[in-house]
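Accompanying notes for the structure given below.
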Amino acid sequence: MPDAPAPRKSTNPRLEALLGHEFFAPHHWKRRIALWLGAVLVALAAIVFAKASDWSFGLFQRMVAYKAWLPLCVTPVVFGLLAWATEGKLRAARGSGIPQVIGTLHVEDAGFRERMLALPIAVSKMFMTLLAMMVGASIGREGPTVHVGAGLFHSLGRRFGYTDPKAASRFILAGGAAGIAAAFNAPLAGVVFAIEELAGAFEHRFSGLLLTSVIVGGVVSLGVLGNYSYFGAVDVDLPFGNAWLAVLATGIVGGLLGGLFARLVLLSRRGPLAYIGRVRARWPVLFAVGCGLALGVLGLISHNNVYGTGYDQARAFVQGAPETAGAWFGINKLLANVVSYWAGIPGGLFSPALAVGAGLGHNIAHFLPHVPVAAVVLLGMSSYLSGVTGAPLTSAVISMELTDNQSMIIPIMASCLLARAAASLFSPTPVYKDFAERLVRDFEERQKQLREAEEKAKQERQREHFAGIDTEDSQAAAPEATNRTTAFEEVSAEPANKDETSDDASDAATPAPEDKPPDDPERR
């Protein structure tokens, strides 16, 4: 039988070496496709979410224009409904969403990640955030967009077979970065936010995933919305000299008020804030109704300026518009943010915090007449955001990208660092990290309780098992035990047979003869 022909070797060894390069490996292309597809989906979701948010708040504005007192009736009811809806399986949809993402990066349990990042949670968070905006809640959409992005990437990674905890963490981180970048149209801010806030550290293997997801999402956003700045281009500079007093003033004021806001929303375990936390835990729906009513009152006091994200008011401040929200906007908006977050409804902090900072910066500018107002407003925005989030680098990059201003990057960074130090007097732990630690601690306590319950059940089963064995042994030994005596009984000899036993019994039944006295004739 003739031998089979030998396989033909490649005539081009360079091509063979090129095709064998790691770049063409199938598993790498599988991961790239998953990342690209996820980035496209997150960018499209962020764009749709942004348009829907504007439409929802537009409905509220028309309602307020019709009757200014309507929020006193509508907002409390919807706040209570949202608090009730997030009491059960949708509890992970509460709040900003960023603490949930941070928690899943630090807990590699698949069940915990599924509860925090499941697609039903992401979808319900979007719809409930839109409903809250429809009644004037002082919330933002950026935090929920991060949550949605992380959830989409996590689900997509599992679909593609990336179930390993480490691989899943990279997908979650990339999704969060793509979410913040798409929400603000700020790619660099997305990367910095993921490193500083979500992961808390830089790792080389994360860099490619982050850049890929952010770049692809940015391309989609540019293709749909075009190249734009969130607050528009702000062409302003801060001259060196006395003008730098604005850095000191905004850093201290913005940091202190930002730390105070973080302390208020965290509801510490001691003092008056702890009492508020206990009331909310006991009657969450009624408490949310009260928060909605308080927001309606603040709206009437502020002439309807505290509702929504505060984007229009902040843009007017930073652009130097002739008509602004007034001198009390910063404080009123801060209080509106507090009561909206206390309600426990879905919604973010970024945009409302930027609006508060813009109002505070505008107030500080009155005391610094020799400094450009727009520069002080920009410093106030970045410093207050740094005080709230505890992320100075992210706050500086976001403020720079949202205003398309690179000339003030050094003053902005200095103000953000000073604000972070000032905020630590009220809130040593950044607000997102504190909430994430609570989620992780609650999960660990539940796991501990489950382990203790399982151990207790196991011990019960073992006791029942041994008790059953003892019962069988006692039943088997019952006939023998009937003839045994205890240590407190006198041992008697057993009869040899049944007849002897009966004879002894009959003898015992026959009365013994009575003893006779010595003079008894019978005895004689």
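Lettering and numbering for the structure tokens are positional, with chains as A, B, ... in the shown order, residues counted from 1 in each chain, and ligands counted from 1 in the shown order.
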Within 12 Å of segment 180-185 of chain A, which residues of segment 255-350 of chain A come that close, and what is the closest atom pair and distance in Å for each? Count only C-alpha atoms and give it as CSV.
```
residue,atom,partner,partner_atom,distance
A:Tyr311,CA,A:Phe184,CA,12.0
A:Gly348,CA,A:Ile180,CA,11.4
A:Phe350,CA,A:Phe184,CA,10.0
```
Any chance you can output those residues with N, CA, C and O atoms as an mmCIF file, in the first residue's frame?
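Result file result_7.cif:
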```cif
data_model
loop_
_atom_site.group_PDB
_atom_site.id
_atom_site.type_symbol
_atom_site.label_atom_id
_atom_site.label_comp_id
_atom_site.auth_asym_id
_atom_site.auth_seq_id
_atom_site.Cartn_x
_atom_site.Cartn_y
_atom_site.Cartn_z
ATOM 1 N N TYR A 311 -28.731 71.351 35.062
ATOM 2 C CA TYR A 311 -27.841 71.622 33.924
ATOM 3 C C TYR A 311 -28.011 73.042 33.391
ATOM 4 O O TYR A 311 -27.018 73.757 33.169
ATOM 5 N N GLY A 348 -28.499 59.708 40.187
ATOM 6 C CA GLY A 348 -27.092 59.978 40.416
ATOM 7 C C GLY A 348 -26.831 61.320 41.072
ATOM 8 O O GLY A 348 -27.741 62.104 41.342
ATOM 9 N N PHE A 350 -23.747 63.295 40.057
ATOM 10 C CA PHE A 350 -22.755 64.089 39.337
ATOM 11 C C PHE A 350 -23.313 65.434 38.872
ATOM 12 O O PHE A 350 -22.794 66.494 39.243
#
```
- Task: Would you mind listing what lies within 9 Å of Ala365 of chain A as a PyMOL selection string, with only C-alpha atoms counted and same-chain residues fewer than 6 positions away left out?
- Result: chain A and resi 246+371-377
- Note on the structure: Ala353 of chain A proximity check over A:Thr389, A:Thr403, A:Ser415, A:Ser124, using only C-alpha atoms: winner is A:Thr389
- Test item: residues at most 12 Å from Leu225 of chain A, only C-alpha atoms, excluding those fewer than 4 positions along its chain, as a PyMOL selection string: chain A and resi 43-44+46-48+50-51+182-185+217-221+229-230
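Distance check against Asn227 of chain A using only C-alpha atoms: of A:Pro187, A:Val297, A:Ala194, A:Leu267, the minimum falls on A:Pro187.
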- Query: From the list A:Ala178, A:Leu41, A:Ala233, A:Val397, which residue is nearest Val318 of chain A when using only C-alpha atoms?
  - Reply: A:Ala233
- Item | Picked from segment 159-382 of chain A by DSSP as helix (DSSP H, G or I), as an MDAnalysis selection string | chainID A and resid 159 165:184 187:199 204:225 242:266 272:282 284:301 311:318 329:342 350:365 373:382
- Compare A:Asp235, A:Pro26, A:Ala355, A:Leu256 by their minimum atom-to-atom distance to Thr309 of chain A, counting only C-alpha atoms, and give me the closest one.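 Answer, going by the shortest atom-to-atom distance: A:Ala355.
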- Smallest atom-to-atom distance to Ala199 of chain A: which of A:Gln313, A:Asn363, A:Asn242, A:Ser169, using only C-alpha atoms? A:Ser169
- Message: Need to verify the contact set: Ala336 of chain A, 12 Å, only C-alpha atoms, exclusion of same-chain residues closer than 5 positions in sequence. Can you return it as a PyMOL selection string?
- Response: chain A and resi 136-139+261+265+291-302+304-310+329-331+341-343+349+352-353+355-356
- Note on the structure: Phe60 of chain A proximity check over A:Leu131, A:Leu156, A:Ala358, A:Val191, using only C-alpha atoms: winner is A:Leu131
- Query: So what do you get for atom CA of Ser340 of chain A versus atom CA of Gly326 of chain A, distance-wise?
  - Reply: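 Separation between atom CA of Ser340 of chain A and atom CA of Gly326 of chain A: 21.2 Å.
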- For atom CA of Gly161 of chain A and atom CA of Arg441 of chain A, the interatomic separation in Å (one decimal):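 Interatomic distance, atom CA of Gly161 of chain A to atom CA of Arg441 of chain A: 29.1 Å.
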